[in-house]
>>> print(open('coords.txt').read())   # compact mmCIF, C-alpha atoms
# COMPACT_ATOMS: atom_id res chain seq x y z
CA MET A 1 0.00 0.00 0.00
CA ASP A 2 0.98 3.66 -0.25
CA ILE A 3 0.35 5.13 3.19
CA ARG A 4 0.32 8.63 1.68
CA ARG A 5 -2.99 7.70 0.02
CA ARG A 6 -5.86 7.12 2.43
CA ALA A 7 -7.80 5.08 -0.15
CA SER A 8 -4.83 2.74 -0.60
CA VAL A 9 -4.59 2.14 3.15
CA ARG A 10 -8.35 1.65 3.57
CA SER A 11 -8.36 -0.90 0.74
CA ALA A 12 -5.48 -2.87 2.24
CA VAL A 13 -7.03 -2.93 5.72
CA ARG A 14 -10.39 -4.08 4.38
CA ALA A 15 -8.73 -6.79 2.28
CA THR A 16 -6.69 -8.23 5.17
CA GLN A 17 -9.29 -7.66 7.95
CA PRO A 18 -6.63 -7.36 10.68
CA ASP A 19 -7.04 -7.49 14.44
CA LEU A 20 -3.85 -5.45 14.76
CA VAL A 21 -1.76 -3.27 12.44
CA VAL A 22 1.91 -2.49 13.04
CA ASN A 23 3.04 0.66 11.22
CA ALA A 24 6.79 0.55 10.61
CA ALA A 25 6.60 2.57 7.38
CA ALA A 26 8.60 5.78 7.56
CA TYR A 27 10.68 8.36 5.72
CA THR A 28 13.97 7.98 7.61
CA GLN A 29 16.49 10.06 5.63
CA VAL A 30 17.23 12.60 8.36
CA GLU A 31 19.59 14.76 6.31
CA ARG A 32 17.53 14.66 3.11
CA ALA A 33 14.39 15.62 5.02
CA GLU A 34 15.84 19.10 5.55
CA ASP A 35 15.60 19.59 1.78
CA GLU A 36 12.47 17.46 1.33
CA PRO A 37 10.09 18.39 4.15
CA GLU A 38 6.96 17.67 2.12
CA PRO A 39 7.73 13.98 1.40
CA ALA A 40 8.81 13.47 5.02
CA MET A 41 5.59 14.99 6.33
CA ALA A 42 3.50 13.09 3.77
CA VAL A 43 4.80 9.72 4.99
CA ASN A 44 5.58 10.28 8.67
CA GLY A 45 2.78 12.71 9.42
CA ALA A 46 -0.24 12.35 7.15
CA GLY A 47 0.65 8.75 6.28
CA ALA A 48 0.58 7.69 9.92
CA GLY A 49 -2.77 9.42 10.27
CA ASN A 50 -4.11 7.52 7.27
CA VAL A 51 -3.15 4.21 8.87
CA ALA A 52 -4.75 5.18 12.18
CA ALA A 53 -7.93 6.36 10.44
CA ALA A 54 -8.24 3.07 8.55
CA CYS A 55 -7.78 1.16 11.80
CA ALA A 56 -10.50 3.26 13.41
CA GLU A 57 -12.90 2.53 10.53
CA TRP A 58 -12.22 -1.20 10.69
CA GLY A 59 -12.16 -1.34 14.49
CA CYS A 60 -8.67 -2.79 14.95
CA ARG A 61 -5.69 -1.82 17.10
CA LEU A 62 -2.49 -0.11 16.00
CA ILE A 63 1.15 -0.20 17.10
CA HIS A 64 2.94 2.79 15.57
CA LEU A 65 6.72 3.18 15.67
CA SER A 66 8.16 6.59 16.46
CA THR A 67 11.52 8.04 17.48
CA ASP A 68 13.66 9.69 20.14
CA TYR A 69 14.06 12.62 17.72
CA VAL A 70 10.75 14.07 18.95
CA PHE A 71 12.84 15.41 21.88
CA ASP A 72 15.45 18.17 21.82
CA GLY A 73 18.01 16.25 23.88
CA ARG A 74 18.58 18.99 26.45
CA ARG A 75 17.60 16.94 29.51
CA SER A 76 20.35 15.25 31.54
CA ARG A 77 18.29 12.13 32.33
CA PRO A 78 16.59 9.60 30.04
CA TYR A 79 13.36 10.89 28.52
CA ARG A 80 10.05 9.69 29.89
CA GLU A 81 6.86 9.37 27.87
CA GLU A 82 5.27 12.43 29.48
CA ASP A 83 8.22 14.77 28.86
CA ALA A 84 7.59 17.74 26.59
CA THR A 85 8.48 17.20 22.92
CA ALA A 86 10.57 19.72 20.96
CA PRO A 87 12.10 18.20 17.82
CA LEU A 88 15.21 19.86 16.38
CA ASN A 89 14.89 18.82 12.74
CA VAL A 90 12.36 18.14 9.99
CA TYR A 91 12.47 14.39 10.50
CA GLY A 92 11.67 14.75 14.21
CA ARG A 93 8.85 17.21 13.47
CA SER A 94 7.37 14.86 10.88
CA LYS A 95 7.39 11.94 13.32
CA LEU A 96 5.80 14.10 16.01
CA GLU A 97 3.05 15.05 13.54
CA GLY A 98 2.52 11.33 12.96
CA GLU A 99 2.13 10.73 16.68
CA ARG A 100 -0.45 13.51 16.91
CA ALA A 101 -2.34 12.19 13.90
CA VAL A 102 -2.46 8.68 15.40
CA ARG A 103 -3.77 9.97 18.73
CA ALA A 104 -6.41 12.10 17.02
CA ALA A 105 -7.73 9.30 14.81
CA LEU A 106 -7.66 6.22 17.01
CA ASP A 107 -8.08 5.53 20.73
CA ARG A 108 -6.83 1.95 20.62
CA HIS A 109 -3.23 2.72 19.68
CA LEU A 110 0.22 2.24 21.14
CA ILE A 111 3.03 4.54 20.02
CA LEU A 112 6.43 2.93 20.56
CA ARG A 113 9.41 5.29 20.46
CA VAL A 114 12.79 3.74 19.63
CA SER A 115 16.29 5.13 19.03
CA TRP A 116 19.45 4.53 16.98
CA VAL A 117 18.03 1.61 14.98
CA PHE A 118 20.46 -0.79 13.33
CA SER A 119 20.20 -4.08 11.44
CA ALA A 120 21.86 -6.22 8.77
CA THR A 121 19.64 -4.62 6.09
CA GLY A 122 18.84 -1.07 5.09
CA ALA A 123 20.88 2.08 5.62
CA ASN A 124 22.06 2.41 9.22
CA PHE A 125 25.10 3.30 11.33
CA VAL A 126 26.53 -0.21 11.62
CA ARG A 127 26.55 -0.78 7.86
CA THR A 128 28.04 2.67 7.33
CA MET A 129 30.88 1.98 9.76
CA LEU A 130 31.68 -1.40 8.23
CA GLY A 131 31.81 0.27 4.83
CA LEU A 132 34.53 2.58 6.18
CA ALA A 133 36.67 -0.22 7.61
CA HIS A 134 39.29 0.21 4.87
CA LEU A 135 40.14 3.73 6.03
CA GLU A 136 42.99 4.51 8.40
CA GLU A 137 40.84 6.85 10.50
CA VAL A 138 37.13 7.36 11.15
CA ARG A 139 35.93 10.46 13.01
CA VAL A 140 32.78 9.98 15.10
CA VAL A 141 31.00 12.32 17.51
CA ASN A 142 31.39 11.53 21.20
CA ASP A 143 28.93 13.98 22.81
CA GLN A 144 25.63 12.46 21.62
CA ARG A 145 24.33 9.78 23.99
CA GLY A 146 21.76 7.08 23.36
CA THR A 147 21.05 3.36 23.26
CA PRO A 148 21.31 1.49 19.93
CA CYS A 149 18.26 -0.65 19.14
CA ALA A 150 18.54 -3.67 16.87
CA ALA A 151 15.56 -4.07 14.54
CA GLY A 152 15.23 -7.67 15.71
CA SER A 153 14.88 -6.62 19.34
CA ILE A 154 12.32 -3.98 18.39
CA ALA A 155 10.35 -6.66 16.54
CA GLY A 156 10.52 -8.84 19.64
CA ALA A 157 9.18 -6.00 21.76
CA VAL A 158 6.35 -5.39 19.28
CA TRP A 159 5.41 -9.06 19.40
CA SER A 160 5.35 -9.03 23.22
CA ILE A 161 3.14 -5.95 23.18
CA ALA A 162 0.84 -7.38 20.51
CA ARG A 163 0.09 -10.43 22.64
CA LYS A 164 -1.29 -8.20 25.43
CA LEU A 165 -2.45 -5.03 23.70
CA GLY A 166 -6.04 -4.23 24.60
CA GLU A 167 -6.30 -7.15 27.01
CA ALA A 168 -4.04 -7.06 30.05
CA GLY A 169 -1.98 -4.30 28.46
CA ARG A 170 -2.60 -0.60 28.10
CA PHE A 171 -2.74 1.81 25.18
CA GLY A 172 -0.80 5.08 24.90
CA THR A 173 2.83 6.07 24.38
CA TYR A 174 5.79 3.92 25.42
CA HIS A 175 9.57 3.94 25.14
CA PHE A 176 11.68 0.95 24.13
CA ALA A 177 15.22 1.22 25.51
CA THR A 178 18.27 -1.01 25.46
CA ALA A 179 21.33 -1.05 27.71
CA PRO A 180 23.91 0.20 28.43
CA PRO A 181 23.92 3.89 27.39
CA THR A 182 26.68 4.78 24.96
CA THR A 183 27.87 7.42 22.49
CA TRP A 184 28.19 7.21 18.72
CA HIS A 185 31.97 7.10 19.20
CA GLU A 186 31.81 4.14 21.59
CA PHE A 187 29.23 2.46 19.37
CA ALA A 188 31.60 2.76 16.39
CA LYS A 189 34.44 1.26 18.42
CA ALA A 190 32.17 -1.64 19.36
CA VAL A 191 31.30 -2.19 15.67
CA PHE A 192 34.96 -2.45 14.69
CA ALA A 193 35.72 -4.66 17.69
CA CYS A 194 33.05 -7.09 16.48
CA ARG A 195 34.48 -6.92 12.97
CA ARG A 196 37.97 -7.62 14.27
CA GLU A 197 36.65 -10.61 16.20
CA ALA A 198 35.03 -11.97 13.03
CA ASP A 199 38.04 -11.22 10.82
CA PRO A 200 41.28 -10.70 12.81
CA ALA A 201 43.31 -10.17 9.64
CA GLY A 202 40.98 -7.53 8.22
CA PRO A 203 41.52 -3.76 8.36
CA THR A 204 40.50 -1.81 11.45
CA PRO A 205 40.55 1.99 11.40
CA GLU A 206 41.36 4.24 14.33
CA VAL A 207 38.14 5.73 15.71
CA VAL A 208 38.74 9.39 16.59
CA ALA A 209 36.34 11.17 18.94
CA ILE A 210 35.08 14.58 17.83
CA PRO A 211 32.46 17.00 19.18
CA THR A 212 29.18 17.46 17.32
CA GLY A 213 30.26 20.93 16.26
CA GLU A 214 33.01 19.45 14.08
CA ARG A 215 30.58 17.31 12.09
CA ALA A 216 28.89 19.30 9.36
CA THR A 217 25.26 18.19 8.99
CA ARG A 218 22.10 19.87 7.75
CA ALA A 219 19.93 18.35 10.47
CA GLU A 220 20.56 19.17 14.12
CA ARG A 221 20.64 16.10 16.37
CA PRO A 222 19.73 15.83 20.08
CA LEU A 223 22.73 15.39 22.37
CA ASN A 224 20.70 13.15 24.68
CA SER A 225 18.66 10.42 22.97
CA LEU A 226 18.29 8.23 26.05
CA LEU A 227 14.78 6.85 26.56
CA ASP A 228 13.38 5.58 29.86
CA GLY A 229 11.87 2.13 29.22
CA SER A 230 10.58 1.48 32.74
CA LYS A 231 6.91 2.02 31.80
CA LEU A 232 7.13 -0.59 29.03
CA ALA A 233 8.80 -3.03 31.40
CA ALA A 234 6.13 -2.50 34.07
CA ASP A 235 3.07 -2.71 31.79
CA TYR A 236 4.23 -5.26 29.22
CA GLY A 237 7.19 -7.06 30.79
CA VAL A 238 9.59 -5.92 28.05
CA ALA A 239 13.01 -5.62 29.67
CA ALA A 240 15.94 -3.69 28.17
CA PRO A 241 18.10 -6.05 26.08
CA ASP A 242 21.87 -5.60 25.80
CA TRP A 243 22.51 -4.00 22.40
CA ARG A 244 26.05 -5.43 22.38
CA ASP A 245 24.68 -8.96 22.00
CA ASP A 246 22.55 -7.84 19.06
CA LEU A 247 25.54 -6.05 17.52
CA VAL A 248 27.60 -9.25 17.45
CA SER A 249 24.80 -11.02 15.60
CA VAL A 250 24.29 -8.20 13.09
CA VAL A 251 27.99 -7.78 12.31
CA CYS A 252 28.38 -11.54 11.82
CA GLN A 253 25.46 -11.52 9.38
CA LEU A 254 27.02 -8.69 7.41
CA MET A 255 30.48 -10.25 7.41
CA ARG A 256 29.08 -13.44 5.88
CA ARG A 257 27.81 -11.54 2.82
>>> encode(input="coords.txt", output="structure tokens")
Amino acid sequence: MDIRRRASVRSAVRATQPDLVVNAAAYTQVERAEDEPEPAMAVNGAGAGNVAAACAEWGCRLIHLSTDYVFDGRRSRPYREEDATAPLNVYGRSKLEGERAVRAALDRHLILRVSWVFSATGANFVRTMLGLAHLEEVRVVNDQRGTPCAAGSIAGAVWSIARKLGEAGRFGTYHFATAPPTTWHEFAKAVFACRREADPAGPTPEVVAIPTGERATRAERPLNSLLDGSKLAADYGVAAPDWRDDLVSVVCQLMRR
């Protein structure tokens, strides 16, 4: 379906007659969104609203994936669900519009915010770092903090929620967090450590720490992307997995290709 077109979404929902819809569709090109705000808003904002509206018409539940980028990153502690939102870039604003559209269209929803997503497929930080392994030096910011989330662990959390959603579980907004907190610099070092473990004879660049101000980007990023996952653990029993275990698995998958 094309979630930008309400008729397309309605047709798909009617054809499948779901009890539950999981919306993982998103425009995720953070830098490009600064130059393409309309496509980002069409998918992440209006598109999310189209999905929620179709679910409301059919009478089914919705799990909608959102992001830490709805926050400005100025707090010193991990963000809780009730904290005020203040996105710094177009991507974050588009995802926040999607959250608002979901809430307005459908009562029986659960918005799940995640951060720093990585996997063995698609464009993400881990694949980018491995693609730079041939270089002598890689410069990575060390003043942005967060918790990397493997797509597989997010899927596991969604499945756990789906089993309870609307029964013993609650609706609303939740945060999925992993452990331990890290920085992009430390995450990059962990990526290359996993690569070295898989291929001791392969190249390993030096990872140089730099402040955010030295990295030229169009989109401003939050310095603190930490999410507090205690509400999800209490209501749905989803504990914080160790992202380092997931990283080993993902790097091994990529190294086998």
>>> closest_residue(input="coords.txt", among="A:Arg108, A:Arg61, A:Arg113, A:Arg103", to="Ala177 of chain A", atoms="all atoms listed in the file")
A:Arg113
>>> atom_distance(input="coords.txt", atom1="atom CA of Gly73 of chain A", atom2="atom CA of Leu223 of chain A")
5.0 Å
>>> closest_residue(input="coords.txt", among="A:Cys252, A:Asn142, A:Ala190, A:Tyr79", to="Gly229 of chain A", atoms="all atoms listed in the file")
A:Tyr79
>>> residues_around(input="coords.txt", residues="Val114 of chain A", least_positions_apart="6", cutoff="12 Å", atoms="all atoms listed in the file", output="PyMOL selection string")
chain A and resi 24+64-71+79+81+95+146-151+153-155+157-158+173-178+225-229+232+240
>>> write_last_selection(input="coords.txt", atoms="C-alpha atoms", output="short mmCIF file (atom, residue, chain, number, x, y, z; two decimals), keeping the file's coordinate frame")
data_model
loop_
_atom_site.label_atom_id
_atom_site.label_comp_id
_atom_site.auth_asym_id
_atom_site.auth_seq_id
_atom_site.Cartn_x
_atom_site.Cartn_y
_atom_site.Cartn_z
CA ALA A 24 6.79 0.55 10.61
CA HIS A 64 2.94 2.79 15.57
CA LEU A 65 6.72 3.18 15.67
CA SER A 66 8.16 6.59 16.46
CA THR A 67 11.52 8.04 17.48
CA ASP A 68 13.66 9.69 20.14
CA TYR A 69 14.06 12.62 17.72
CA VAL A 70 10.75 14.07 18.95
CA PHE A 71 12.84 15.41 21.88
CA TYR A 79 13.36 10.89 28.52
CA GLU A 81 6.86 9.37 27.87
CA LYS A 95 7.39 11.94 13.32
CA GLY A 146 21.76 7.08 23.36
CA THR A 147 21.05 3.36 23.26
CA PRO A 148 21.31 1.49 19.93
CA CYS A 149 18.26 -0.65 19.14
CA ALA A 150 18.54 -3.67 16.87
CA ALA A 151 15.56 -4.07 14.54
CA SER A 153 14.88 -6.62 19.34
CA ILE A 154 12.32 -3.98 18.39
CA ALA A 155 10.35 -6.66 16.54
CA ALA A 157 9.18 -6.00 21.76
CA VAL A 158 6.35 -5.39 19.28
CA THR A 173 2.83 6.07 24.38
CA TYR A 174 5.79 3.92 25.42
CA HIS A 175 9.57 3.94 25.14
CA PHE A 176 11.68 0.95 24.13
CA ALA A 177 15.22 1.22 25.51
CA THR A 178 18.27 -1.01 25.46
CA SER A 225 18.66 10.42 22.97
CA LEU A 226 18.29 8.23 26.05
CA LEU A 227 14.78 6.85 26.56
CA ASP A 228 13.38 5.58 29.86
CA GLY A 229 11.87 2.13 29.22
CA LEU A 232 7.13 -0.59 29.03
CA ALA A 240 15.94 -3.69 28.17
#
>>> residues_around(input="coords.txt", residues="Arg32 of chain A", least_positions_apart="2", cutoff="12 Å", atoms="all atoms listed in the file", output="list in words")
Tyr27, Thr28, Gln29, Val30, Glu34, Asp35, Glu36, Pro37, Glu38, Pro39, Ala40, Asn89, Val90, Tyr91, Thr217, Arg218 and Ala219 of chain A
>>> residues_around(input="coords.txt", residues="Ala48 of chain A", least_positions_apart="4", cutoff="8 Å", atoms="all atoms listed in the file", output="JSON, numbers by chain")
{"A": [3, 23, 43, 44, 52, 64, 98, 99, 101, 102]}
>>> residues_around(input="coords.txt", residues="segment 198-212 of chain A", least_positions_apart="3", cutoff="12 Å", atoms="all atoms listed in the file", output="MDAnalysis selection string")
chainID A and resid 129:145 183:195 215:217 219:223 248:256
